[in-house]
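Structure data (mmCIF, C-alpha atoms) from query-v4.cif:
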data_entry
loop_
_atom_site.group_PDB
_atom_site.id
_atom_site.type_symbol
_atom_site.label_atom_id
_atom_site.label_comp_id
_atom_site.auth_asym_id
_atom_site.auth_seq_id
_atom_site.Cartn_x
_atom_site.Cartn_y
_atom_site.Cartn_z
ATOM 1 C CA MET F 250 18.820 15.528 -12.826
ATOM 2 C CA GLU F 251 15.831 14.310 -10.772
ATOM 3 C CA GLU F 252 15.271 17.863 -9.554
ATOM 4 C CA ASN F 253 14.991 19.021 -13.193
ATOM 5 C CA GLU F 254 12.535 16.215 -13.937
ATOM 6 C CA ILE F 255 10.374 17.252 -10.984
ATOM 7 C CA GLU F 256 10.382 20.908 -12.055
ATOM 8 C CA ILE F 257 9.504 20.009 -15.644
ATOM 9 C CA PHE F 258 6.708 17.666 -14.545
ATOM 10 C CA VAL F 259 5.202 20.204 -12.131
ATOM 11 C CA LYS F 260 5.351 23.052 -14.660
ATOM 12 C CA SER F 261 4.193 21.084 -17.711
ATOM 13 C CA ASN F 262 1.187 19.756 -15.803
ATOM 14 C CA ASN F 263 0.455 23.123 -14.157
ATOM 15 C CA LEU F 264 0.518 21.531 -10.702
ATOM 16 C CA ASN F 265 0.433 23.148 -7.294
ATOM 17 C CA VAL F 266 2.553 21.076 -4.899
ATOM 18 C CA LYS F 267 0.444 20.954 -1.751
ATOM 19 C CA TYR F 268 2.196 18.319 0.364
ATOM 20 C CA LEU F 269 5.576 16.716 0.861
ATOM 21 C CA VAL F 270 4.957 13.350 2.545
ATOM 22 C CA ASN F 271 7.679 10.962 3.664
ATOM 23 C CA THR F 272 6.177 7.501 4.243
ATOM 24 C CA HIS F 273 9.404 6.739 6.107
ATOM 25 C CA CYS F 274 12.825 8.335 6.379
ATOM 26 C CA HIS F 275 15.390 6.068 4.763
ATOM 27 C CA ILE F 276 17.804 7.885 2.442
ATOM 28 C CA ASP F 277 16.155 6.885 -0.838
ATOM 29 C CA HIS F 278 12.862 8.451 0.253
ATOM 30 C CA ILE F 279 14.148 11.722 1.725
ATOM 31 C CA LEU F 280 16.967 12.903 -0.556
ATOM 32 C CA GLY F 281 14.650 15.390 -2.289
ATOM 33 C CA ASN F 282 13.209 16.968 0.863
ATOM 34 C CA ALA F 283 15.463 20.034 0.882
ATOM 35 C CA PHE F 284 14.801 20.688 -2.813
ATOM 36 C CA ILE F 285 11.021 20.270 -2.563
ATOM 37 C CA LYS F 286 10.706 22.418 0.575
ATOM 38 C CA SER F 287 12.899 25.194 -0.818
ATOM 39 C CA ASN F 288 11.190 25.293 -4.220
ATOM 40 C CA TYR F 289 7.516 24.706 -3.392
ATOM 41 C CA ASN F 290 5.382 26.211 -0.682
ATOM 42 C CA CYS F 291 4.017 22.921 0.636
ATOM 43 C CA GLU F 292 3.200 21.363 3.991
ATOM 44 C CA PHE F 293 5.771 18.755 5.054
ATOM 45 C CA TYR F 294 4.615 15.589 6.836
ATOM 46 C CA ALA F 295 6.741 12.721 8.150
ATOM 47 C CA PRO F 296 6.452 9.958 10.771
ATOM 48 C CA GLN F 297 7.540 11.153 14.203
ATOM 49 C CA LEU F 298 9.239 7.834 15.002
ATOM 50 C CA ASP F 299 11.455 8.243 11.920
ATOM 51 C CA ILE F 300 12.714 11.741 12.782
ATOM 52 C CA PRO F 301 16.038 10.331 14.074
ATOM 53 C CA LEU F 302 16.556 8.861 10.583
ATOM 54 C CA LEU F 303 15.658 12.182 8.976
ATOM 55 C CA GLU F 304 18.169 13.972 11.176
ATOM 56 C CA ILE F 305 21.025 11.658 10.120
ATOM 57 C CA LEU F 306 20.468 11.991 6.358
ATOM 58 C CA PRO F 307 24.098 13.095 5.759
ATOM 59 C CA GLN F 308 25.359 10.036 7.674
ATOM 60 C CA GLN F 309 22.990 7.736 5.784
ATOM 61 C CA ALA F 310 24.302 9.193 2.524
ATOM 62 C CA SER F 311 27.950 8.781 3.510
ATOM 63 C CA MET F 312 27.368 5.074 4.182
ATOM 64 C CA PHE F 313 26.512 4.751 0.485
ATOM 65 C CA GLY F 314 29.347 6.971 -0.719
ATOM 66 C CA LEU F 315 26.971 9.875 -1.390
ATOM 67 C CA SER F 316 26.583 13.369 -0.065
ATOM 68 C CA ALA F 317 23.253 14.908 0.819
ATOM 69 C CA PRO F 318 22.086 18.220 2.194
ATOM 70 C CA LYS F 319 20.513 18.188 5.617
ATOM 71 C CA SER F 320 16.763 17.608 5.417
ATOM 72 C CA PRO F 321 14.365 20.150 6.819
ATOM 73 C CA LEU F 322 12.186 18.914 9.659
ATOM 74 C CA PRO F 323 8.484 18.336 9.022
ATOM 75 C CA GLN F 324 5.924 20.891 10.045
ATOM 76 C CA LYS F 325 3.503 18.128 11.036
ATOM 77 C CA TYR F 326 3.640 14.470 11.934
ATOM 78 C CA ILE F 327 1.703 11.727 10.232
ATOM 79 C CA SER F 328 -0.813 9.812 12.340
ATOM 80 C CA GLU F 329 -3.672 7.435 11.678
ATOM 81 C CA ASP F 330 -6.040 10.270 12.671
ATOM 82 C CA LEU F 331 -4.719 12.498 9.877
ATOM 83 C CA ILE F 332 -6.878 12.834 6.771
ATOM 84 C CA LEU F 333 -5.646 15.029 3.919
ATOM 85 C CA SER F 334 -7.218 15.873 0.591
ATOM 86 C CA ILE F 335 -6.256 16.718 -2.930
ATOM 87 C CA GLY F 336 -9.258 18.485 -4.379
ATOM 88 C CA GLU F 337 -12.236 16.268 -3.541
ATOM 89 C CA ILE F 338 -10.093 13.169 -2.993
ATOM 90 C CA GLU F 339 -9.337 12.289 0.615
ATOM 91 C CA PHE F 340 -6.574 10.014 1.817
ATOM 92 C CA LYS F 341 -5.557 8.631 5.165
ATOM 93 C CA PHE F 342 -2.519 7.013 6.713
ATOM 94 C CA LEU F 343 -1.990 3.491 8.025
ATOM 95 C CA PHE F 344 0.736 2.948 10.621
ATOM 96 C CA THR F 345 2.807 0.082 9.200
ATOM 97 C CA PRO F 346 6.146 -0.131 11.030
ATOM 98 C CA GLY F 347 8.694 -2.861 10.421
ATOM 99 C CA HIS F 348 10.736 -1.598 7.482
ATOM 100 C CA SER F 349 11.397 1.472 9.621
ATOM 101 C CA PRO F 350 10.127 2.343 13.111
ATOM 102 C CA GLY F 351 7.527 4.847 11.942
ATOM 103 C CA GLU F 352 6.509 3.902 8.403
ATOM 104 C CA PHE F 353 3.028 4.718 7.137
ATOM 105 C CA CYS F 354 1.170 3.649 4.017
ATOM 106 C CA VAL F 355 -1.000 6.226 2.233
ATOM 107 C CA TYR F 356 -4.504 4.907 1.522
ATOM 108 C CA PHE F 357 -6.990 6.404 -0.923
ATOM 109 C CA GLN F 358 -9.838 4.197 0.274
ATOM 110 C CA ASP F 359 -12.554 5.502 -2.075
ATOM 111 C CA ASN F 360 -10.214 5.093 -5.052
ATOM 112 C CA LYS F 361 -8.927 1.683 -3.896
ATOM 113 C CA ILE F 362 -5.285 2.770 -4.128
ATOM 114 C CA CYS F 363 -2.594 2.348 -1.491
ATOM 115 C CA PHE F 364 0.918 3.758 -1.674
ATOM 116 C CA SER F 365 2.655 1.024 0.283
ATOM 117 C CA GLY F 366 6.049 2.690 0.666
ATOM 118 C CA ASP F 367 8.592 -0.025 1.415
ATOM 119 C CA VAL F 368 6.184 -2.254 3.345
ATOM 120 C CA LEU F 369 4.796 -4.488 0.606
ATOM 121 C CA PHE F 370 6.089 -4.988 -2.931
ATOM 122 C CA LYS F 371 5.023 -7.163 -5.824
ATOM 123 C CA GLU F 372 5.854 -10.676 -4.590
ATOM 124 C CA SER F 373 8.045 -9.338 -1.768
ATOM 125 C CA ILE F 374 8.209 -7.228 1.381
ATOM 126 C CA GLY F 375 10.420 -4.413 2.634
ATOM 127 C CA ARG F 376 13.877 -5.055 4.018
ATOM 128 C CA THR F 377 14.213 -5.321 7.757
ATOM 129 C CA ASP F 378 18.012 -5.149 7.999
ATOM 130 C CA LEU F 379 18.176 -1.356 7.708
ATOM 131 C CA TRP F 380 17.909 1.286 10.441
ATOM 132 C CA GLY F 381 15.032 0.410 12.751
ATOM 133 C CA GLY F 382 13.770 -2.592 10.786
ATOM 134 C CA ASN F 383 12.053 -5.554 12.429
ATOM 135 C CA TYR F 384 10.757 -8.578 10.514
ATOM 136 C CA GLN F 385 8.038 -9.625 12.984
ATOM 137 C CA THR F 386 6.750 -6.061 13.226
ATOM 138 C CA LEU F 387 6.632 -5.771 9.425
ATOM 139 C CA ILE F 388 4.711 -9.036 9.050
ATOM 140 C CA LYS F 389 2.247 -7.881 11.728
ATOM 141 C CA SER F 390 1.759 -4.552 9.901
ATOM 142 C CA ILE F 391 1.084 -6.312 6.610
ATOM 143 C CA SER F 392 -1.338 -8.783 8.217
ATOM 144 C CA GLU F 393 -3.281 -6.260 10.277
ATOM 145 C CA LYS F 394 -3.321 -3.220 7.983
ATOM 146 C CA LEU F 395 -2.931 -4.327 4.361
ATOM 147 C CA LEU F 396 -4.281 -7.854 3.994
ATOM 148 C CA ILE F 397 -7.640 -6.737 5.384
ATOM 149 C CA MET F 398 -8.142 -4.436 2.376
ATOM 150 C CA PRO F 399 -10.337 -5.542 -0.528
ATOM 151 C CA ASN F 400 -8.515 -7.707 -3.084
ATOM 152 C CA GLU F 401 -8.907 -5.098 -5.831
ATOM 153 C CA VAL F 402 -6.943 -2.399 -3.978
ATOM 154 C CA ARG F 403 -4.006 -1.349 -6.154
ATOM 155 C CA LEU F 404 -0.676 -1.217 -4.343
ATOM 156 C CA LEU F 405 1.818 1.352 -5.560
ATOM 157 C CA PRO F 406 5.080 0.511 -3.762
ATOM 158 C CA GLY F 407 8.084 2.746 -3.201
ATOM 159 C CA HIS F 408 10.051 0.571 -5.644
ATOM 160 C CA GLY F 409 9.096 -1.729 -8.499
ATOM 161 C CA GLU F 410 5.845 -2.629 -10.199
ATOM 162 C CA GLU F 411 2.349 -1.995 -8.970
ATOM 163 C CA THR F 412 0.283 -4.932 -7.780
ATOM 164 C CA THR F 413 -2.983 -5.638 -5.958
ATOM 165 C CA ILE F 414 -3.846 -6.999 -2.549
ATOM 166 C CA GLY F 415 -5.509 -10.008 -4.192
ATOM 167 C CA TYR F 416 -2.454 -10.783 -6.306
ATOM 168 C CA GLU F 417 -0.189 -10.601 -3.271
ATOM 169 C CA LYS F 418 -2.451 -12.892 -1.250
ATOM 170 C CA LEU F 419 -2.021 -15.517 -3.970
ATOM 171 C CA ASN F 420 1.582 -14.954 -5.069
ATOM 172 C CA ASN F 421 3.647 -13.418 -2.298
ATOM 173 C CA GLN F 422 5.733 -16.074 -0.530
ATOM 174 C CA PHE F 423 5.969 -13.935 2.616
ATOM 175 C CA ILE F 424 2.202 -13.588 2.821
ATOM 176 C CA ASN F 425 1.721 -17.282 2.089
ATOM 177 C CA SER F 426 4.036 -18.069 5.007
ATOM 178 C CA ILE F 427 1.793 -15.927 7.276
ATOM 179 C CA ASN F 428 -1.371 -17.709 6.197
ATOM 180 C CA HIS F 429 -0.031 -21.255 6.536
#
How does the structure come out when it is put into structure tokens?
Amino acid sequence: MEENEIEIFVKSNNLNVKYLVNTHCHIDHILGNAFIKSNYNCEFYAPQLDIPLLEILPQQASMFGLSAPKSPLPQKYISEDLILSIGEIEFKFLFTPGHSPGEFCVYFQDNKICFSGDVLFKESIGRTDLWGGNYQTLIKSISEKLLIMPNEVRLLPGHGEETTIGYEKLNNQFINSINH
């Protein structure tokens, strides 16, 4: 069903899929890799530290009573030195481990938009009880990479509603516990 939705969206908007980017490699963010890679001629990027998670996709799926095809491996690894573009719009990557060992956020600095993956959510943070999670590392990532952004930066998380850095500074209990 999701595969059909992707195909319809890509075709109806006359899009050219240029990149497949995994911010991290937990099951809910990599299930579509095989479909995307086999149906679109795109470059595949993923965090090198999360490759062990990518390689055990079938085992991750079985833990949730699901089945999943093996994921292809990325052609390139994400790093903080990597800058990609979509047309004239450039974006970079921020290394933000803690939810997973290798997670990255995707930052469109000029547009003041950050895809925060499963690092920071509206009024919450990513889980740290899954494969490779670490609470202290996650809090450090949020403090050093996200909270230094301007307040108006829009956060588009991997789950849930969008928010802003400023809103989270005022309303996120996890961030408030860092600052006090």
### Task
Taking the file above as input, evaluate the PyMOL selection byres ((chain F and resi 267-283) around 9) and report the hits as a ChimeraX atom specification.
/F:251-252,264-266,284-296,298-303,306-307,309-310,317-321,323,327,335,348-355,364-367,379-380,407
#### Entry: Point-to-point distance in Å for CA of Arg376 in chain F and CA of Ser426 in chain F
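A separation of 16.3 Å between them.
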### Message
Please expand the PyMOL selection byres ((chain F and resi 342) around 7) into the concrete residues it hits in this file, giving the result as a list of chain:residue names.
### Response
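Evaluating the PyMOL selection byres ((chain F and resi 342) around 7) on this file yields F:Ser328, F:Glu329, F:Leu331, F:Lys341, F:Leu343, F:Phe344, F:Phe353, F:Cys354, F:Val355, F:Tyr356.
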#### Entry: Resolved residues for the PyMOL selection byres ((chain F and resi 421) around 12) as a PyMOL selection string
chain F and resi 369-374+391+396+412-420+422-428
### Query
How far is it from CA of Lys361 in chain F to CA of Pro399 in chain F, in Å with one decimal?
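The value is 8.1 Å.
The gap separating CA of Pro346 in chain F from CA of Glu304 in chain F is 18.5 Å, in Å to one decimal.
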### Message
Let me make sure I understand: among F:Phe340, F:Gly347, F:Gln297, F:Leu322, which one has the smallest atom-to-atom distance to Thr377 in chain F if we use only C-alpha atoms?
### Response
F:Gly347
### Task
Rank nothing, just name the residue among F:Gln358, F:Gly409, F:Thr345, F:Met398 nearest to Thr386 in chain F, using only C-alpha atoms.
F:Thr345
As AutoDock Vina command-line options: centre and edge lengths in Å, one decimal, of the axis-aligned box holding range 298-301 of chain F with 5 Å per side:
--center_x 12.6 --center_y 9.8 --center_z 13.5 --size_x 16.8 --size_y 13.9 --size_z 13.1
### Task
Just the residues within 6 Å of Ile362 in chain F, please, counting all atoms listed in the file, with nothing from its chain fewer than 4 positions along; format it as an NGL selection string.
:F and (357 or 402-403)
